[in-house]
Amino acid sequence: MGKWFKSGSPWIWMTGGAVSISLIAVIGLLLLIASRGLSYFWPADVYQWELEDSDGVKSTLIGEVYDREQVPTERLIAAGHKFNEHPGEFVNRYLVKTGNREFVGLDFRWILETDIVSRAKPEGIAKVERTKNGNFYGYPVALIEDGKRLDLNESNIEQPLHDHIERAVDLSDQALTLQKSDIGSINYDLERLRLKERKFELDGKLTDAAKADFAAQAKKLNDDYLVLEKQLFDLRDQAARDAVVIRDMRGEEVTIKLDSVLEVSYVNRMGFVSKVGHWFVGLGRFINDDPREANTEGGVFPAIFGTVFMVMLMAVIVTPFGVIAAIYLHEYAKKGPITKMIRIAVINLAGVPSIVYGVFGLGFFVYMLGGSIDQLFYPEALPAPTFGSPGVIWSALTLAILTLPVVIVSTEEGLSRIPSAVRQGSLALGATKAETLWRIVIPMASPAIMTGLILAVARAAGEVAPLMLVGVVKLAPTLPIDMNFPFVHLERKFMHLGFHIYDVGFQSPNVEAARPLVYATSFLLVSVIVALNLTAISVRNHLREKFRSLEH
């Protein structure tokens with residue numbers, strides 16, 4: 001036994017076991033997040049319950065079973081619930097998503113198994129997904145087309161309803177595109193014209209001729225705006241032309257305008273294949289659509305775009321600075337107390353809490369640097385700040401400083417692994433030190449540089465605390481990139497998947513509705529980070545193979 005311990009085998013087995021346990025834990029966590037998140041898009045069956053409480057009050061409830069649990073009977077009795085007969089030690093209760101928010105108040109309701117008289121799964125129940133007020137559950141009984149009511153039965157209403165919804169969604173999409181593109185461009189041009197006129201006024205160049213020219217340009221833009229506004233209102237009126245009449249769980253008929261309806265699905269009629277297709281459609285909408293209902297419904301495309309854009313901008317900033325700093329420290333700086341202190345400071349920077357970087361970014365980048373830029377280049381916009389407020393550029397710079405030590409240390413490790421004979425051979429052949437660095441050393445160290453970049457991206461993509469101070473917001477009206485000159489707007493605020501998770505999970509007014517969305521967004525964030533890292537790893541492997549010959 002003593003020889004076995006001295007051989008070092010136990011430590012190898014312990015290390016392998018620790019690595020295996022860590023891998024199992026990480027994979028298990030990812031599978032948990034994936035199962036909880038991806039199940040959010042699976043179309044659940046819709047039930048109809050007939051209920052009767054202990055006081056004899058009867059009611060009907062329609063909704064989806066969201067969760068179930070066993071509750072001690074004594075706890076229910078202590079809470080004031082009465083039972084006609086003692087149900088035993090535990091009582092099953094179900095959390096039901098009822099929707100119909102404008103009439104019920106809450107999306108979710110707990111029901112006890114002792115109150116259930118009957119439960120059915122009628123095929124005629126439809127789930128109506130809307131742009132506001134959440135889902136609506138009930139029986140579609142009629143269509144209203146241009147003010148005329150068309151009474152239809154369950155067997156022949158599905159296809160006409162689908163066609164009318166498709167028409168309304170198409171018109172609503174046209175209206176939204178018109179509002180975001182053409183009308184948005186005119187509003188942007190009007191604001192730029194106003195700022196230009198203000199700049200002329202500050203510079204003392206606002207003559208009567210200049211005023212007339214500005215007025216003429218503004219009139220033309222306003223005339224174009226009125227034409228587009230009329231088109232927008234016409235599209236909205238056409239989208240709101242039709243409606244569907246639904247009998248809800250109260251037995252009353254409710255009229256819902258189709259311009260607020262995204263889809264009507266008869267989930268109880270779907271087979272497995274249909275549900276799989278519906279699952280893919282829901283997943284696609286989640287990735288491609290904008291959020292709605294205070295981020296608790298809709299998609300997360302602006303958050304995906306903001307996360308990837310900010311991380312790529314950060315990578316473009318941090319890589320050259322980190323590589324240059326590492327080259328100076330390793331190749332040029334003389335070994336001494338100052339260089340040693342700099343290295344210690346770089347290592348210590350990696351341990352500074354991220355929120356401290358956020359405070360630094362807010363104070364230095366936003367208020368000092370951004371405020372100075374506004375004073376020098378955008379005085380006409382003041383007191384409204386242009387760069388003197390949180391934005392994507394300041395977020396990228398803040399995270400670049402946060403991840404800079406990782407890139408410096410990784411690059412230095414790569415430089416130290418290059419044999420000194422390679423440098424000496426290059427110099428002996430007549431190359432200068434700069435040429436040696438550019439043509440020999442840096443290409444050979446490029447895999448280590450990419451490793452540092454991978455670590456930097458992995459950390460930056462998941463950071464939230466500093467971004468809350470320097471650029472990220474709950475809802476961003478526009479993306480940092482659009483078709484308005486100069487096309488890339490680094491001063492704008494943006495959405496981020498990490499902050500979206502925090503906002504939905506902890507700031508949502510409807511916690512039960514937001515819980516599966518938290519898992520879905522978390523899984524999406526992990527997927528984005530993995531995709532970015534795999535891309536960087538593939539580039540690193542390509543560089544490693546390309547410059548492998550330089551090592552021999």
# chains A, B, ... in the order shown; residues from 1 in each chain; ligands from 1

call {"tool": "closest_atom_pairs", "arguments": {"of": "region 27-77 of chain A", "to": "region 524-548 of chain A", "cutoff": "10 Å", "atoms": "only C-alpha atoms", "output": "Markdown table"}}
result
| residue | atom | partner | partner_atom | distance |
| --- | --- | --- | --- | --- |
| A:Leu30 | CA | A:Val526 | CA | 8.5 |
| A:Ile33 | CA | A:Val526 | CA | 9.6 |
| A:Ala34 | CA | A:Leu524 | CA | 8.8 |
| A:Gly37 | CA | A:Leu524 | CA | 8.7 |
| A:Leu38 | CA | A:Leu524 | CA | 9.7 |

call {"tool": "residues_around", "arguments": {"residues": "region 401-412 of chain A", "least_positions_apart": "5", "cutoff": "10 Å", "atoms": "only C-alpha atoms", "output": "CSV table (one decimal) with all heavy atoms, in the first residue's frame"}}
result
chain,number,residue,atom,x,y,z
A,314,MET,N,-16.1,44.2,-27.7
A,314,MET,CA,-15.2,44.1,-26.6
A,314,MET,C,-13.9,43.3,-27.1
A,314,MET,O,-12.8,43.7,-26.7
A,314,MET,CB,-15.8,43.4,-25.4
A,314,MET,CG,-15.0,43.1,-24.2
A,314,MET,SD,-13.9,41.7,-24.3
A,314,MET,CE,-15.1,40.4,-24.5
A,315,ALA,N,-14.1,42.2,-27.9
A,315,ALA,CA,-13.0,41.4,-28.3
A,315,ALA,C,-12.1,42.2,-29.3
A,315,ALA,O,-10.9,42.1,-29.2
A,315,ALA,CB,-13.5,40.2,-29.1
A,317,ILE,N,-11.6,45.4,-29.1
A,317,ILE,CA,-10.9,46.4,-28.3
A,317,ILE,C,-9.8,45.7,-27.4
A,317,ILE,O,-8.7,46.2,-27.4
A,317,ILE,CB,-11.9,47.2,-27.4
A,317,ILE,CG1,-12.9,48.0,-28.2
A,317,ILE,CG2,-11.1,48.1,-26.4
A,317,ILE,CD1,-14.0,48.6,-27.4
A,318,VAL,N,-10.2,44.6,-26.7
A,318,VAL,CA,-9.2,44.1,-25.8
A,318,VAL,C,-8.1,43.3,-26.4
A,318,VAL,O,-7.0,43.3,-25.8
A,318,VAL,CB,-10.0,43.1,-24.8
A,318,VAL,CG1,-10.4,41.8,-25.5
A,318,VAL,CG2,-9.2,42.9,-23.5
A,319,THR,N,-8.3,42.7,-27.6
A,319,THR,CA,-7.2,41.9,-28.1
A,319,THR,C,-5.9,42.7,-28.5
A,319,THR,O,-4.8,42.3,-28.0
A,319,THR,CB,-7.7,41.1,-29.4
A,319,THR,OG1,-8.8,40.4,-29.0
A,319,THR,CG2,-6.6,40.3,-29.9
A,320,PRO,N,-6.0,43.8,-29.2
A,320,PRO,CA,-4.8,44.5,-29.5
A,320,PRO,C,-4.1,45.1,-28.3
A,320,PRO,O,-2.9,45.0,-28.1
A,320,PRO,CB,-5.2,45.6,-30.5
A,320,PRO,CG,-6.7,45.7,-30.3
A,320,PRO,CD,-7.2,44.4,-29.9
A,321,PHE,N,-4.9,45.6,-27.3
A,321,PHE,CA,-4.3,46.2,-26.1
A,321,PHE,C,-3.6,45.1,-25.3
A,321,PHE,O,-2.5,45.3,-24.8
A,321,PHE,CB,-5.4,46.9,-25.3
A,321,PHE,CG,-5.7,48.3,-25.8
A,321,PHE,CD1,-6.8,48.5,-26.6
A,321,PHE,CD2,-4.9,49.4,-25.6
A,321,PHE,CE1,-7.1,49.8,-27.1
A,321,PHE,CE2,-5.2,50.7,-26.1
A,321,PHE,CZ,-6.3,50.8,-26.9
A,322,GLY,N,-4.3,44.0,-25.1
A,322,GLY,CA,-3.7,42.9,-24.3
A,322,GLY,C,-2.5,42.3,-25.0
A,322,GLY,O,-1.5,42.1,-24.3
A,323,VAL,N,-2.5,42.2,-26.3
A,323,VAL,CA,-1.3,41.6,-27.0
A,323,VAL,C,-0.1,42.6,-26.9
A,323,VAL,O,1.0,42.2,-26.6
A,323,VAL,CB,-1.7,41.3,-28.4
A,323,VAL,CG1,-0.4,40.9,-29.2
A,323,VAL,CG2,-2.7,40.1,-28.5
A,324,ILE,N,-0.4,43.9,-27.2
A,324,ILE,CA,0.7,44.8,-27.1
A,324,ILE,C,1.3,44.9,-25.7
A,324,ILE,O,2.5,45.0,-25.5
A,324,ILE,CB,0.2,46.2,-27.6
A,324,ILE,CG1,-0.2,46.2,-29.1
A,324,ILE,CG2,1.2,47.3,-27.3
A,324,ILE,CD1,-0.9,47.4,-29.6
A,325,ALA,N,0.4,44.9,-24.7
A,325,ALA,CA,0.9,45.0,-23.3
A,325,ALA,C,1.8,43.8,-23.0
A,325,ALA,O,2.8,43.9,-22.4
A,325,ALA,CB,-0.2,45.1,-22.3
A,326,ALA,N,1.3,42.6,-23.4
A,326,ALA,CA,2.1,41.4,-23.1
A,326,ALA,C,3.4,41.4,-23.9
A,326,ALA,O,4.4,40.9,-23.3
A,326,ALA,CB,1.2,40.1,-23.6
A,327,ILE,N,3.4,41.8,-25.1
A,327,ILE,CA,4.7,41.9,-25.9
A,327,ILE,C,5.7,42.8,-25.3
A,327,ILE,O,6.9,42.5,-25.1
A,327,ILE,CB,4.4,42.3,-27.4
A,327,ILE,CG1,3.7,41.2,-28.1
A,327,ILE,CG2,5.7,42.7,-28.1
A,327,ILE,CD1,3.2,41.5,-29.5
A,328,TYR,N,5.2,44.0,-24.8
A,328,TYR,CA,6.1,44.9,-24.1
A,328,TYR,C,6.7,44.3,-22.9
A,328,TYR,O,7.9,44.4,-22.6
A,328,TYR,CB,5.3,46.2,-23.8
A,328,TYR,CG,6.1,47.2,-23.0
A,328,TYR,CD1,7.2,47.9,-23.5
A,328,TYR,CD2,5.9,47.2,-21.6
A,328,TYR,CE1,8.0,48.8,-22.8
A,328,TYR,CE2,6.7,48.1,-20.8
A,328,TYR,CZ,7.7,48.8,-21.4
A,328,TYR,OH,8.5,49.7,-20.6
A,329,LEU,N,5.8,43.7,-22.0
A,329,LEU,CA,6.3,43.2,-20.8
A,329,LEU,C,7.3,42.0,-21.0
A,329,LEU,O,8.2,41.9,-20.2
A,329,LEU,CB,5.1,42.7,-19.9
A,329,LEU,CG,4.2,43.7,-19.3
A,329,LEU,CD1,3.0,43.1,-18.7
A,329,LEU,CD2,4.9,44.6,-18.3
A,330,HIS,N,7.0,41.2,-22.0
A,330,HIS,CA,7.9,40.0,-22.2
A,330,HIS,C,9.1,40.3,-23.1
A,330,HIS,O,10.2,39.7,-22.9
A,330,HIS,CB,7.0,38.9,-22.8
A,330,HIS,CG,7.7,37.5,-22.8
A,330,HIS,ND1,8.6,37.1,-23.8
A,330,HIS,CD2,7.8,36.6,-21.8
A,330,HIS,CE1,9.0,35.9,-23.5
A,330,HIS,NE2,8.6,35.5,-22.3
A,331,GLU,N,8.9,41.1,-24.1
A,331,GLU,CA,10.0,41.3,-25.1
A,331,GLU,C,10.8,42.5,-24.9
A,331,GLU,O,12.0,42.5,-25.3
A,331,GLU,CB,9.4,41.3,-26.5
A,331,GLU,CG,8.6,40.1,-26.8
A,331,GLU,CD,9.4,38.8,-27.0
A,331,GLU,OE1,10.6,39.0,-27.4
A,331,GLU,OE2,8.9,37.7,-26.8
A,343,ARG,N,3.3,43.4,-13.3
A,343,ARG,CA,2.8,42.1,-13.4
A,343,ARG,C,1.9,41.7,-12.3
A,343,ARG,O,0.8,41.1,-12.4
A,343,ARG,CB,3.9,41.0,-13.6
A,343,ARG,CG,4.6,41.0,-14.9
A,343,ARG,CD,5.3,39.7,-15.2
A,343,ARG,NE,5.8,39.6,-16.5
A,343,ARG,CZ,7.0,40.0,-17.0
A,343,ARG,NH1,7.8,40.5,-16.1
A,343,ARG,NH2,7.3,39.9,-18.2
A,345,ALA,N,0.2,43.8,-10.5
A,345,ALA,CA,-1.0,44.6,-10.6
A,345,ALA,C,-1.9,44.0,-11.7
A,345,ALA,O,-3.1,44.0,-11.5
A,345,ALA,CB,-0.6,46.1,-11.0
A,346,VAL,N,-1.3,43.5,-12.8
A,346,VAL,CA,-2.2,42.9,-13.8
A,346,VAL,C,-2.9,41.6,-13.2
A,346,VAL,O,-4.1,41.4,-13.4
A,346,VAL,CB,-1.3,42.5,-15.0
A,346,VAL,CG1,-2.1,41.6,-15.9
A,346,VAL,CG2,-0.9,43.7,-15.8
A,347,ILE,N,-2.2,40.8,-12.4
A,347,ILE,CA,-2.8,39.7,-11.8
A,347,ILE,C,-3.8,40.0,-10.8
A,347,ILE,O,-4.9,39.4,-10.8
A,347,ILE,CB,-1.7,38.8,-11.2
A,347,ILE,CG1,-0.7,38.2,-12.3
A,347,ILE,CG2,-2.3,37.6,-10.4
A,347,ILE,CD1,0.5,37.5,-11.7
A,348,ASN,N,-3.6,41.1,-10.0
A,348,ASN,CA,-4.6,41.5,-9.0
A,348,ASN,C,-5.8,42.1,-9.7
A,348,ASN,O,-6.9,42.0,-9.1
A,348,ASN,CB,-3.9,42.6,-8.1
A,348,ASN,CG,-2.9,42.0,-7.1
A,348,ASN,OD1,-3.0,40.8,-6.9
A,348,ASN,ND2,-2.0,42.8,-6.6
A,349,LEU,N,-5.7,42.7,-10.9
A,349,LEU,CA,-6.8,43.2,-11.6
A,349,LEU,C,-7.9,42.1,-11.9
A,349,LEU,O,-9.1,42.4,-12.0
A,349,LEU,CB,-6.4,43.9,-12.9
A,349,LEU,CG,-5.9,45.3,-12.8
A,349,LEU,CD1,-5.4,45.8,-14.1
A,349,LEU,CD2,-7.0,46.3,-12.2
A,350,ALA,N,-7.4,40.9,-12.1
A,350,ALA,CA,-8.3,39.8,-12.4
A,350,ALA,C,-9.2,39.4,-11.2
A,350,ALA,O,-10.2,38.8,-11.4
A,350,ALA,CB,-7.5,38.6,-12.9
A,351,GLY,N,-8.8,39.8,-10.0
A,351,GLY,CA,-9.5,39.5,-8.8
A,351,GLY,C,-10.4,40.6,-8.4
A,351,GLY,O,-11.1,40.5,-7.4
A,352,VAL,N,-10.5,41.8,-9.0
A,352,VAL,CA,-11.3,42.9,-8.6
A,352,VAL,C,-12.8,42.5,-8.9
A,352,VAL,O,-13.1,42.0,-10.0
A,352,VAL,CB,-10.9,44.2,-9.4
A,352,VAL,CG1,-11.9,45.3,-9.0
A,352,VAL,CG2,-9.5,44.6,-9.0
A,353,PRO,N,-13.7,42.7,-8.0
A,353,PRO,CA,-15.1,42.4,-8.3
A,353,PRO,C,-15.6,43.2,-9.5
A,353,PRO,O,-15.2,44.4,-9.8
A,353,PRO,CB,-15.9,42.9,-7.0
A,353,PRO,CG,-14.8,42.8,-6.0
A,353,PRO,CD,-13.5,43.2,-6.6
A,354,SER,N,-16.4,42.6,-10.3
A,354,SER,CA,-16.9,43.2,-11.6
A,354,SER,C,-17.7,44.5,-11.4
A,354,SER,O,-17.6,45.4,-12.2
A,354,SER,CB,-17.7,42.2,-12.4
A,354,SER,OG,-18.8,41.7,-11.7
A,356,VAL,N,-17.1,46.8,-9.4
A,356,VAL,CA,-16.1,47.9,-9.3
A,356,VAL,C,-15.8,48.4,-10.6
A,356,VAL,O,-15.7,49.6,-10.8
A,356,VAL,CB,-14.9,47.4,-8.5
A,356,VAL,CG1,-13.9,48.6,-8.4
A,356,VAL,CG2,-15.3,47.0,-7.1
A,357,TYR,N,-15.6,47.5,-11.6
A,357,TYR,CA,-15.3,48.0,-13.0
A,357,TYR,C,-16.5,48.7,-13.5
A,357,TYR,O,-16.4,49.7,-14.3
A,357,TYR,CB,-15.1,46.8,-13.9
A,357,TYR,CG,-13.7,46.1,-13.7
A,357,TYR,CD1,-13.6,45.0,-12.9
A,357,TYR,CD2,-12.6,46.6,-14.3
A,357,TYR,CE1,-12.4,44.4,-12.7
A,357,TYR,CE2,-11.3,46.1,-14.1
A,357,TYR,CZ,-11.2,44.9,-13.3
A,357,TYR,OH,-10.0,44.3,-13.2
A,358,GLY,N,-17.7,48.3,-13.1
A,358,GLY,CA,-18.9,49.1,-13.6
A,358,GLY,C,-19.0,50.5,-13.0
A,358,GLY,O,-19.3,51.4,-13.7
A,361,GLY,N,-16.3,52.4,-14.9
A,361,GLY,CA,-16.8,52.7,-16.3
A,361,GLY,C,-17.8,53.9,-16.3
A,361,GLY,O,-17.8,54.7,-17.1
A,396,ALA,N,-18.6,47.9,-23.7
A,396,ALA,CA,-17.5,47.1,-24.3
A,396,ALA,C,-16.2,47.5,-23.7
A,396,ALA,O,-15.3,46.7,-23.5
A,396,ALA,CB,-17.5,47.3,-25.9
A,417,ARG,N,6.7,30.3,-24.2
A,417,ARG,CA,6.9,29.0,-24.7
A,417,ARG,C,7.7,28.9,-26.0
A,417,ARG,O,8.0,27.8,-26.5
A,417,ARG,CB,5.6,28.3,-24.8
A,417,ARG,CG,4.9,27.9,-23.5
A,417,ARG,CD,3.8,26.8,-23.7
A,417,ARG,NE,2.8,27.3,-24.6
A,417,ARG,CZ,1.6,27.8,-24.2
A,417,ARG,NH1,1.5,28.0,-22.9
A,417,ARG,NH2,0.7,28.2,-25.0
A,442,ILE,N,4.8,36.5,-33.0
A,442,ILE,CA,3.3,36.6,-32.9
A,442,ILE,C,2.6,35.5,-33.6
A,442,ILE,O,1.6,35.0,-33.0
A,442,ILE,CB,2.9,38.0,-33.4
A,442,ILE,CG1,3.4,39.1,-32.5
A,442,ILE,CG2,1.4,38.1,-33.5
A,442,ILE,CD1,3.1,40.5,-32.9
A,445,ALA,N,2.7,32.6,-31.4
A,445,ALA,CA,2.0,32.8,-30.1
A,445,ALA,C,0.5,33.0,-30.4
A,445,ALA,O,-0.3,33.1,-29.4
A,445,ALA,CB,2.5,34.0,-29.4
A,446,SER,N,0.0,33.0,-31.6
A,446,SER,CA,-1.4,33.3,-31.9
A,446,SER,C,-2.3,32.3,-31.3
A,446,SER,O,-3.4,32.7,-30.8
A,446,SER,CB,-1.6,33.3,-33.4
A,446,SER,OG,-1.2,32.1,-34.1
A,447,PRO,N,-2.0,31.0,-31.2
A,447,PRO,CA,-3.0,30.1,-30.4
A,447,PRO,C,-3.2,30.5,-29.0
A,447,PRO,O,-4.3,30.4,-28.5
A,447,PRO,CB,-2.3,28.7,-30.5
A,447,PRO,CG,-1.5,28.8,-31.8
A,447,PRO,CD,-1.0,30.2,-31.8
A,448,ALA,N,-2.1,30.9,-28.3
A,448,ALA,CA,-2.2,31.4,-26.9
A,448,ALA,C,-3.0,32.7,-26.9
A,448,ALA,O,-3.8,32.9,-25.9
A,448,ALA,CB,-0.8,31.6,-26.3
A,449,ILE,N,-2.9,33.6,-27.9
A,449,ILE,CA,-3.7,34.8,-27.9
A,449,ILE,C,-5.1,34.4,-28.1
A,449,ILE,O,-6.0,35.0,-27.4
A,449,ILE,CB,-3.2,35.7,-29.1
A,449,ILE,CG1,-1.8,36.2,-28.9
A,449,ILE,CG2,-4.1,36.9,-29.3
A,449,ILE,CD1,-1.2,36.9,-30.1
A,450,MET,N,-5.4,33.5,-28.9
A,450,MET,CA,-6.8,33.0,-29.1
A,450,MET,C,-7.4,32.4,-27.8
A,450,MET,O,-8.6,32.5,-27.5
A,450,MET,CB,-6.9,32.1,-30.3
A,450,MET,CG,-6.7,32.7,-31.6
A,450,MET,SD,-7.9,34.1,-32.0
A,450,MET,CE,-9.4,33.3,-31.8
A,451,THR,N,-6.5,31.7,-27.1
A,451,THR,CA,-7.0,31.1,-25.8
A,451,THR,C,-7.4,32.2,-24.8
A,451,THR,O,-8.4,32.1,-24.2
A,451,THR,CB,-5.8,30.3,-25.2
A,451,THR,OG1,-5.5,29.2,-26.1
A,451,THR,CG2,-6.2,29.7,-23.9
A,452,GLY,N,-6.5,33.3,-24.8
A,452,GLY,CA,-6.9,34.4,-23.9
A,452,GLY,C,-8.2,35.1,-24.4
A,452,GLY,O,-9.0,35.4,-23.5
A,453,LEU,N,-8.4,35.2,-25.7
A,453,LEU,CA,-9.6,35.7,-26.2
A,453,LEU,C,-10.8,34.9,-25.9
A,453,LEU,O,-11.9,35.4,-25.5
A,453,LEU,CB,-9.5,35.9,-27.7
A,453,LEU,CG,-10.7,36.6,-28.4
A,453,LEU,CD1,-10.9,38.0,-27.8
A,453,LEU,CD2,-10.5,36.6,-29.9
A,454,ILE,N,-10.7,33.5,-25.9
A,454,ILE,CA,-11.8,32.6,-25.6
A,454,ILE,C,-12.2,32.8,-24.1
A,454,ILE,O,-13.4,32.9,-23.8
A,454,ILE,CB,-11.3,31.2,-25.9
A,454,ILE,CG1,-11.2,30.9,-27.4
A,454,ILE,CG2,-12.3,30.2,-25.3
A,454,ILE,CD1,-10.5,29.6,-27.7
A,455,LEU,N,-11.2,32.9,-23.2
A,455,LEU,CA,-11.5,33.1,-21.8
A,455,LEU,C,-12.1,34.4,-21.6
A,455,LEU,O,-13.1,34.6,-20.8
A,455,LEU,CB,-10.2,33.0,-21.0
A,455,LEU,CG,-9.5,31.6,-21.0
A,455,LEU,CD1,-8.2,31.7,-20.3
A,455,LEU,CD2,-10.4,30.6,-20.4
A,456,ALA,N,-11.7,35.5,-22.3
A,456,ALA,CA,-12.2,36.8,-22.2
A,456,ALA,C,-13.7,36.8,-22.6
A,456,ALA,O,-14.6,37.4,-22.0
A,456,ALA,CB,-11.4,37.8,-23.0
A,457,VAL,N,-14.0,36.2,-23.8
A,457,VAL,CA,-15.4,36.2,-24.3
A,457,VAL,C,-16.3,35.4,-23.3
A,457,VAL,O,-17.4,35.8,-23.1
A,457,VAL,CB,-15.4,35.5,-25.7
A,457,VAL,CG1,-16.8,35.2,-26.1
A,457,VAL,CG2,-14.7,36.5,-26.7
A,458,ALA,N,-15.8,34.3,-22.8
A,458,ALA,CA,-16.6,33.5,-21.9
A,458,ALA,C,-17.0,34.2,-20.6
A,458,ALA,O,-18.1,34.1,-20.2
A,458,ALA,CB,-15.8,32.2,-21.5
A,459,ARG,N,-16.0,35.1,-20.1
A,459,ARG,CA,-16.4,35.8,-18.9
A,459,ARG,C,-17.2,37.0,-19.3
A,459,ARG,O,-18.2,37.3,-18.6
A,459,ARG,CB,-15.1,36.3,-18.2
A,459,ARG,CG,-15.4,37.1,-17.0
A,459,ARG,CD,-14.2,37.5,-16.2
A,459,ARG,NE,-14.6,38.2,-15.0
A,459,ARG,CZ,-13.8,38.7,-14.1
A,459,ARG,NH1,-12.5,38.7,-14.3
A,459,ARG,NH2,-14.2,39.3,-13.0
A,460,ALA,N,-16.9,37.7,-20.3
A,460,ALA,CA,-17.6,39.0,-20.7
A,460,ALA,C,-19.1,38.7,-21.0
A,460,ALA,O,-20.0,39.5,-20.7
A,460,ALA,CB,-16.9,39.7,-21.8
A,463,GLU,N,-21.3,38.4,-17.9
A,463,GLU,CA,-21.3,39.5,-16.9
A,463,GLU,C,-22.6,40.4,-17.0
A,463,GLU,O,-23.0,40.7,-18.1
A,463,GLU,CB,-20.1,40.4,-17.1
A,463,GLU,CG,-18.8,39.8,-16.6
A,463,GLU,CD,-18.7,39.7,-15.1
A,463,GLU,OE1,-19.5,40.3,-14.4
A,463,GLU,OE2,-17.8,39.0,-14.6
A,466,PRO,N,-21.7,45.0,-14.0
A,466,PRO,CA,-21.2,46.2,-14.5
A,466,PRO,C,-22.0,46.8,-15.7
A,466,PRO,O,-22.1,48.0,-15.8
A,466,PRO,CB,-19.7,45.9,-15.0
A,466,PRO,CG,-19.8,44.4,-15.3
A,466,PRO,CD,-20.7,43.8,-14.2

call {"tool": "residues_around", "arguments": {"residues": "region 272-283 of chain A", "least_positions_apart": "6", "cutoff": "9 Å", "atoms": "only C-alpha atoms", "output": "compact mmCIF listing (two decimals) with all heavy atoms, in the first residue's frame"}}
result
# COMPACT_ATOMS: atom_id res chain seq x y z
N LEU A 38 -36.50 24.29 -22.81
CA LEU A 38 -37.07 23.88 -24.09
C LEU A 38 -38.50 23.36 -23.94
O LEU A 38 -39.28 23.42 -24.89
CB LEU A 38 -36.18 22.81 -24.73
CG LEU A 38 -34.76 23.28 -25.10
CD1 LEU A 38 -33.96 22.14 -25.69
CD2 LEU A 38 -34.82 24.45 -26.08
N SER A 39 -38.85 22.84 -22.76
CA SER A 39 -40.24 22.40 -22.55
C SER A 39 -41.20 23.58 -22.51
O SER A 39 -42.42 23.38 -22.62
CB SER A 39 -40.33 21.60 -21.25
OG SER A 39 -40.00 22.42 -20.13
N TYR A 40 -40.69 24.79 -22.36
CA TYR A 40 -41.54 25.99 -22.34
C TYR A 40 -42.30 26.14 -23.66
O TYR A 40 -43.42 26.67 -23.69
CB TYR A 40 -40.66 27.20 -22.08
CG TYR A 40 -41.34 28.54 -22.24
CD1 TYR A 40 -42.29 28.97 -21.32
CD2 TYR A 40 -41.03 29.38 -23.31
CE1 TYR A 40 -42.90 30.19 -21.46
CE2 TYR A 40 -41.64 30.60 -23.46
CZ TYR A 40 -42.58 31.00 -22.52
OH TYR A 40 -43.19 32.23 -22.68
N PHE A 41 -41.73 25.65 -24.77
CA PHE A 41 -42.35 25.84 -26.08
C PHE A 41 -43.24 24.66 -26.49
O PHE A 41 -43.85 24.71 -27.54
CB PHE A 41 -41.26 26.04 -27.14
CG PHE A 41 -40.26 27.10 -26.78
CD1 PHE A 41 -39.00 26.77 -26.33
CD2 PHE A 41 -40.60 28.44 -26.86
CE1 PHE A 41 -38.09 27.75 -25.97
CE2 PHE A 41 -39.70 29.42 -26.50
CZ PHE A 41 -38.44 29.08 -26.06
N TRP A 42 -43.29 23.61 -25.65
CA TRP A 42 -44.11 22.46 -26.00
C TRP A 42 -45.59 22.78 -25.74
O TRP A 42 -45.94 23.25 -24.67
CB TRP A 42 -43.69 21.25 -25.18
CG TRP A 42 -44.39 19.99 -25.59
CD1 TRP A 42 -45.45 19.41 -24.97
CD2 TRP A 42 -44.08 19.17 -26.72
NE1 TRP A 42 -45.81 18.27 -25.64
CE2 TRP A 42 -45.00 18.10 -26.72
CE3 TRP A 42 -43.12 19.24 -27.73
CZ2 TRP A 42 -44.98 17.10 -27.69
CZ3 TRP A 42 -43.10 18.25 -28.70
CH2 TRP A 42 -44.02 17.20 -28.67
N PRO A 43 -46.47 22.55 -26.71
CA PRO A 43 -47.89 22.87 -26.52
C PRO A 43 -48.55 21.92 -25.53
O PRO A 43 -48.69 20.72 -25.80
CB PRO A 43 -48.48 22.72 -27.93
CG PRO A 43 -47.53 21.82 -28.66
CD PRO A 43 -46.18 22.06 -28.08
N ALA A 44 -48.92 22.43 -24.38
CA ALA A 44 -49.54 21.62 -23.34
C ALA A 44 -51.04 21.48 -23.59
O ALA A 44 -51.68 22.36 -24.18
CB ALA A 44 -49.30 22.25 -21.97
N GLY A 299 -40.21 37.25 -27.82
CA GLY A 299 -38.88 36.74 -28.08
C GLY A 299 -37.79 37.54 -27.40
O GLY A 299 -38.06 38.46 -26.61

call {"tool": "closest_residue", "arguments": {"among": "A:Leu106, A:Leu161, A:Leu190, A:Met312", "to": "Leu258 (chain A)", "atoms": "only C-alpha atoms"}}
result
A:Leu161

call {"tool": "closest_residue", "arguments": {"among": "A:Ile111, A:Leu193, A:Val96, A:Ala25", "to": "Ala210 (chain A)", "atoms": "only C-alpha atoms"}}
result
A:Leu193

call {"tool": "closest_residue", "arguments": {"among": "A:Asn484, A:Ser7, A:Gln424, A:Asn92", "to": "Arg68 (chain A)", "atoms": "only C-alpha atoms"}}
result
A:Asn92

call {"tool": "select_by_dssp", "arguments": {"residues": "region 79-233 of chain A", "states": "strand (DSSP E)", "output": "PyMOL selection string"}}
result
chain A and resi 90-97+108-112+116-120+126-130+136-145+148-151

call {"tool": "residues_around", "arguments": {"residues": "Glu50 (chain A)", "least_positions_apart": "3", "cutoff": "10 Å", "atoms": "only C-alpha atoms", "output": "list in words"}}
result
Lys58, Ser59, Thr60, Leu61, Ile62, Asp115, Ile116, Val117, Ser118, Arg119 and Ala120 of chain A
